[in-house]
Amino acid sequence: MFDILQYPFIQNALLAGSCVAVVAAIVGYFMVVRGLTFAGHALPNIGFAGAAGAVLLGIDPVIGLFAFTIVAGISIGILGKRMNERDTAIGIIMTFALGLGILFLSLYFGYAERVYSILFGQIVGISPRDVQITAISSLLTFILVLALFRPLLFSSFDPEVAEARGVPVRLLTIIFLVMIAITVSLAVQVVGALLVFTLLIGPAATAMRIARSPLWAIVIAIVLGVCYTFLGIVLAANNGVWPVSFYIASLSFGVYLPVRLLSPLWRGRWARKSDPTINRGSTTASQEGDQEQRTTFKAMGNTQGSAEARGEL
Amino acid sequence: MSEFFNYWLGLFQHELVQNAFLAGTMVAIMTAVMGYFVVLRAQAFAGEALADIGFAGATGAAVLGVSSLIGMFVLTVLAALGMGALGERIRGRDVEIGMVLSFALGLGVLFLTIYAQYGTNATEGVGILFGSILSVTRSDVLITLICGVAALMLLALIYRPLLFASVDPEVAETRGVPVRFLSIMFLVLLGITTAETVLVVGVLLVLALLIAPAASAVQLTHRPLTSILLSVALGLLITWGGLILAFVGTWGHFPVSFYISAASALCYFISVGVSRMRSPRRYRDTPPSCSTCSSPYATPLPSHLLSAREPANMVD
């Protein structure tokens, strides 16, 4: 099965894929914490338009990808803090970009093939030069994350307190969105625009269910991401027909599902052990039913619960 | 002038053009009405996910040789039921929606690859992704019309409780409105809507028709019924405008979905501009006090932090 590893194009794909997976896992963790999931889905699609435009102009698609995703990332960051309006604006910008993308490609001769390679990725087409670009950009992003690690984490978990402490929250958001944009542009070459999202969110979401501390979660996310990418490329190369993105998506979903279902088991035990003041009520604190019941109870508590309590007294 | 009309009458004699306009009109009305609730409930991401799940359905149906509309109906309704079962606080469940979405896309890519292998050319797949209104058949139009009318009637039936539950779910729940049931019902209707919208603009651009008219209308007026009517008007304007421009082809033969997505974006940003100009400067930055618009720092915490922050069970 691992015979194919000797082919240079597979080696290129694996190298580029691993770099992308590492960066995507780190950036993805912060993305999930910050609730920017939708932005993570929108940016690759916006990048699609950039790549299509670059193909039309006859320049390297990577340049188009970088240009469109970075501009879009900055504008999403400026757009505002309110979730509801932000999602709407992201959705509309995304569909507009996709519309532009299909326009560019319809102007381009023989467009169906090109659409596929940008949307679904093409591991065979990665040159040694691409690997170099990917490795250097990944390294830069990685260093940037390390440099900003503490303020980024602080402002992700508690933006209000962070702002009160003088952390430039808005600026960090914009920088972070630019980092997502760079990661997305790198990853599009390996997995394609439609499934960059998988590499961003899959490992991070699974890791957050496994580990509680941010550092461990990030480390686990990186390991998972590299494993998915590696296995995905090897399996796809062996099969020869089915696309890499399908393998990566199924692997990440296949790992996430059991972890998601079983995590209350160990999550509850750890939670009680580590902070004894909290969560004495029930072991399965993160299960939906429980939480919903509690919110309803709280909502009712204002009117009925307190009255009853007073009556008993 | 009469030459122009004759040209149009000539165009409308083609079954192709009739089908496109019939399906487009029905879809525009449905998405505009459903879109109002999507915007109100902040479920844009759920709509996007349902569309991408429809992609898996459509390509899967193509592999099996079934009508793509049926494949999309089956998968989107199933997914809507699943998402509804996860709970009504969909907004905080972005991660789970995202995981399902990426898996659906992966499946779709697989089906598309298999399909493109076994036969006809690859343009069929591009049609699913970006819409192929010219290949809509008469039977597709009939299904669209029947399902659309049925869905709109159902929505009219649950209109008042759904509006209540969307604007203030907690109060609605204490008043005995079946919030959870309404949420599932709404998602199923949304699934049907997205499946039909895919026919007109394709999987990737469903969100344009679903959100843009409604979001523009919400910017311009606050009354629910007026918003919905305005949203329908804008939706029809966008869809018909896109179809006419694409058919007449004055500025070259560009795809319908490009015109529709560009018109949607234009419509939204103009209405945002108008509403900014109308509202006095000092109110601009204050968040409105309704519960659907979350607080300025509404970054949802990861669930393990949420559970740690929740006070211990209040009963004991």
# chains A, B, ... in the order shown; residues from 1 in each chain; ligands from 1
>>> residues_around(residues="Asn12 of chain A", least_positions_apart="6", cutoff="7 Å", atoms="only C-alpha atoms", output="ChimeraX atom specification")
/A:126-128,131
>>> write_last_selection(atoms="N, CA and C atoms", output="mmCIF file, in the first residue's frame")
data_model
loop_
_atom_site.group_PDB
_atom_site.id
_atom_site.type_symbol
_atom_site.label_atom_id
_atom_site.label_comp_id
_atom_site.auth_asym_id
_atom_site.auth_seq_id
_atom_site.Cartn_x
_atom_site.Cartn_y
_atom_site.Cartn_z
ATOM 1 N N ILE A 126 0.895 19.174 -7.998
ATOM 2 C CA ILE A 126 1.706 20.004 -7.116
ATOM 3 C C ILE A 126 3.180 19.890 -7.492
ATOM 4 N N SER A 127 3.768 21.020 -7.858
ATOM 5 C CA SER A 127 5.178 21.021 -8.288
ATOM 6 C C SER A 127 6.075 21.277 -7.073
ATOM 7 N N PRO A 128 7.389 20.974 -7.196
ATOM 8 C CA PRO A 128 8.312 21.259 -6.083
ATOM 9 C C PRO A 128 8.279 22.730 -5.676
ATOM 10 N N VAL A 131 5.482 23.279 -3.389
ATOM 11 C CA VAL A 131 5.814 22.773 -2.053
ATOM 12 C C VAL A 131 6.622 23.813 -1.296
#
>>> closest_atom_pairs(of="segment 38-83 of chain A", to="segment 183-193 of chain A", cutoff="6 Å", atoms="only C-alpha atoms", output="JSON lines")
{"residue": "A:Pro44", "atom": "CA", "partner": "A:Ala193", "partner_atom": "CA", "distance": 5.0}
{"residue": "A:Asn45", "atom": "CA", "partner": "A:Ala193", "partner_atom": "CA", "distance": 5.9}
{"residue": "A:Leu65", "atom": "CA", "partner": "A:Ser185", "partner_atom": "CA", "distance": 5.4}
{"residue": "A:Phe66", "atom": "CA", "partner": "A:Ser185", "partner_atom": "CA", "distance": 5.7}
>>> closest_atom_pairs(of="segment 36-88 of chain B", to="segment 231-249 of chain B", cutoff="12 Å", atoms="only C-alpha atoms", output="JSON lines")
{"residue": "B:Tyr36", "atom": "CA", "partner": "B:Ser231", "partner_atom": "CA", "distance": 7.4}
{"residue": "B:Phe37", "atom": "CA", "partner": "B:Ser231", "partner_atom": "CA", "distance": 11.1}
{"residue": "B:Val39", "atom": "CA", "partner": "B:Ser231", "partner_atom": "CA", "distance": 11.3}
>>> residues_around(residues="Leu230 of chain B", least_positions_apart="6", cutoff="9 Å", atoms="only C-alpha atoms", output="PyMOL selection string")
chain B and resi 32+213-214+216-218+220-221
>>> residues_around(residues="segment 70-80 of chain A", least_positions_apart="2", cutoff="9 Å", atoms="only C-alpha atoms", output="list in words")
Ala39, Leu43, Ile46, Gly47, Leu65, Phe66, Ala67, Phe68, Arg82, Met83, Glu85, Arg86, Ala89, Ile90, Ile93, Met94, Arg170, Leu171, Thr173, Ile174, Ile175, Phe176, Leu177, Val178, Met179, Ile180, Ala181 and Ile182 of chain A; Pro296 of chain B
>>> write_last_selection(atoms="C-alpha atoms", output="PDB file, in the first residue's frame")
ATOM      1  CA  ALA A  39     -16.258  32.669   7.665  1.00  0.00           C
ATOM      2  CA  LEU A  43     -13.300  32.285   2.470  1.00  0.00           C
ATOM      3  CA  ILE A  46     -14.304  33.470  -2.246  1.00  0.00           C
ATOM      4  CA  GLY A  47     -10.837  32.207  -3.088  1.00  0.00           C
ATOM      5  CA  LEU A  65      -6.384  33.068  -4.254  1.00  0.00           C
ATOM      6  CA  PHE A  66      -4.222  35.161  -1.946  1.00  0.00           C
ATOM      7  CA  ALA A  67      -5.580  38.459  -3.252  1.00  0.00           C
ATOM      8  CA  PHE A  68      -9.261  37.574  -2.971  1.00  0.00           C
ATOM      9  CA  ARG A  82     -22.721  41.503  15.596  1.00  0.00           C
ATOM     10  CA  MET A  83     -23.034  37.828  14.713  1.00  0.00           C
ATOM     11  CA  GLU A  85     -25.581  40.743  10.549  1.00  0.00           C
ATOM     12  CA  ARG A  86     -22.090  39.447  10.008  1.00  0.00           C
ATOM     13  CA  ALA A  89     -23.044  39.892   4.994  1.00  0.00           C
ATOM     14  CA  ILE A  90     -20.594  36.981   4.756  1.00  0.00           C
ATOM     15  CA  ILE A  93     -20.250  38.408  -0.237  1.00  0.00           C
ATOM     16  CA  MET A  94     -19.583  34.682  -0.635  1.00  0.00           C
ATOM     17  CA  ARG A 170     -10.459  44.360  16.726  1.00  0.00           C
ATOM     18  CA  LEU A 171      -6.959  44.390  15.251  1.00  0.00           C
ATOM     19  CA  THR A 173      -9.615  39.752  14.705  1.00  0.00           C
ATOM     20  CA  ILE A 174      -8.488  41.264  11.423  1.00  0.00           C
ATOM     21  CA  ILE A 175      -5.002  39.726  11.689  1.00  0.00           C
ATOM     22  CA  PHE A 176      -6.591  36.404  12.489  1.00  0.00           C
ATOM     23  CA  LEU A 177      -8.899  36.568   9.483  1.00  0.00           C
ATOM     24  CA  VAL A 178      -5.887  37.315   7.287  1.00  0.00           C
ATOM     25  CA  MET A 179      -4.239  34.212   8.740  1.00  0.00           C
ATOM     26  CA  ILE A 180      -7.322  32.150   7.849  1.00  0.00           C
ATOM     27  CA  ALA A 181      -7.129  33.646   4.367  1.00  0.00           C
ATOM     28  CA  ILE A 182      -3.487  32.619   3.917  1.00  0.00           C
TER      29      ILE A 182
ATOM     30  CA  PRO B 296     -21.857  42.757  20.489  1.00  0.00           C
TER      31      PRO B 296
END
>>> residues_around(residues="Phe246 of chain A", least_positions_apart="6", cutoff="9 Å", atoms="only C-alpha atoms", output="list in words")
Leu195, Gly232 and Ala236 of chain A; Phe103, Leu105, Gly106, Leu107, Gly108, Val109 and Leu110 of chain B
>>> closest_residue(among="A:Leu98, A:Val55, A:Val234, A:Ala16", to="Gly202 of chain B", atoms="only C-alpha atoms")
A:Leu98
>>> closest_residue(among="B:Asp52, B:Asp94, B:Asp140, B:Glu15", to="chain A", atoms="only C-alpha atoms")
B:Asp94
>>> atom_distance(atom1="atom CA of Val149 of chain B", atom2="atom CA of Gly84 of chain B")
22.7 Å
>>> atom_distance(atom1="atom CA of Gly40 of chain A", atom2="atom CA of Val100 of chain B")
14.5 Å
>>> atom_distance(atom1="atom CA of Tyr259 of chain B", atom2="atom CA of Arg138 of chain B")
23.6 Å
>>> closest_residue(among="B:Ala46, B:Val200, B:Ala150, B:Leu225", to="chain A", atoms="only C-alpha atoms")
B:Ala46
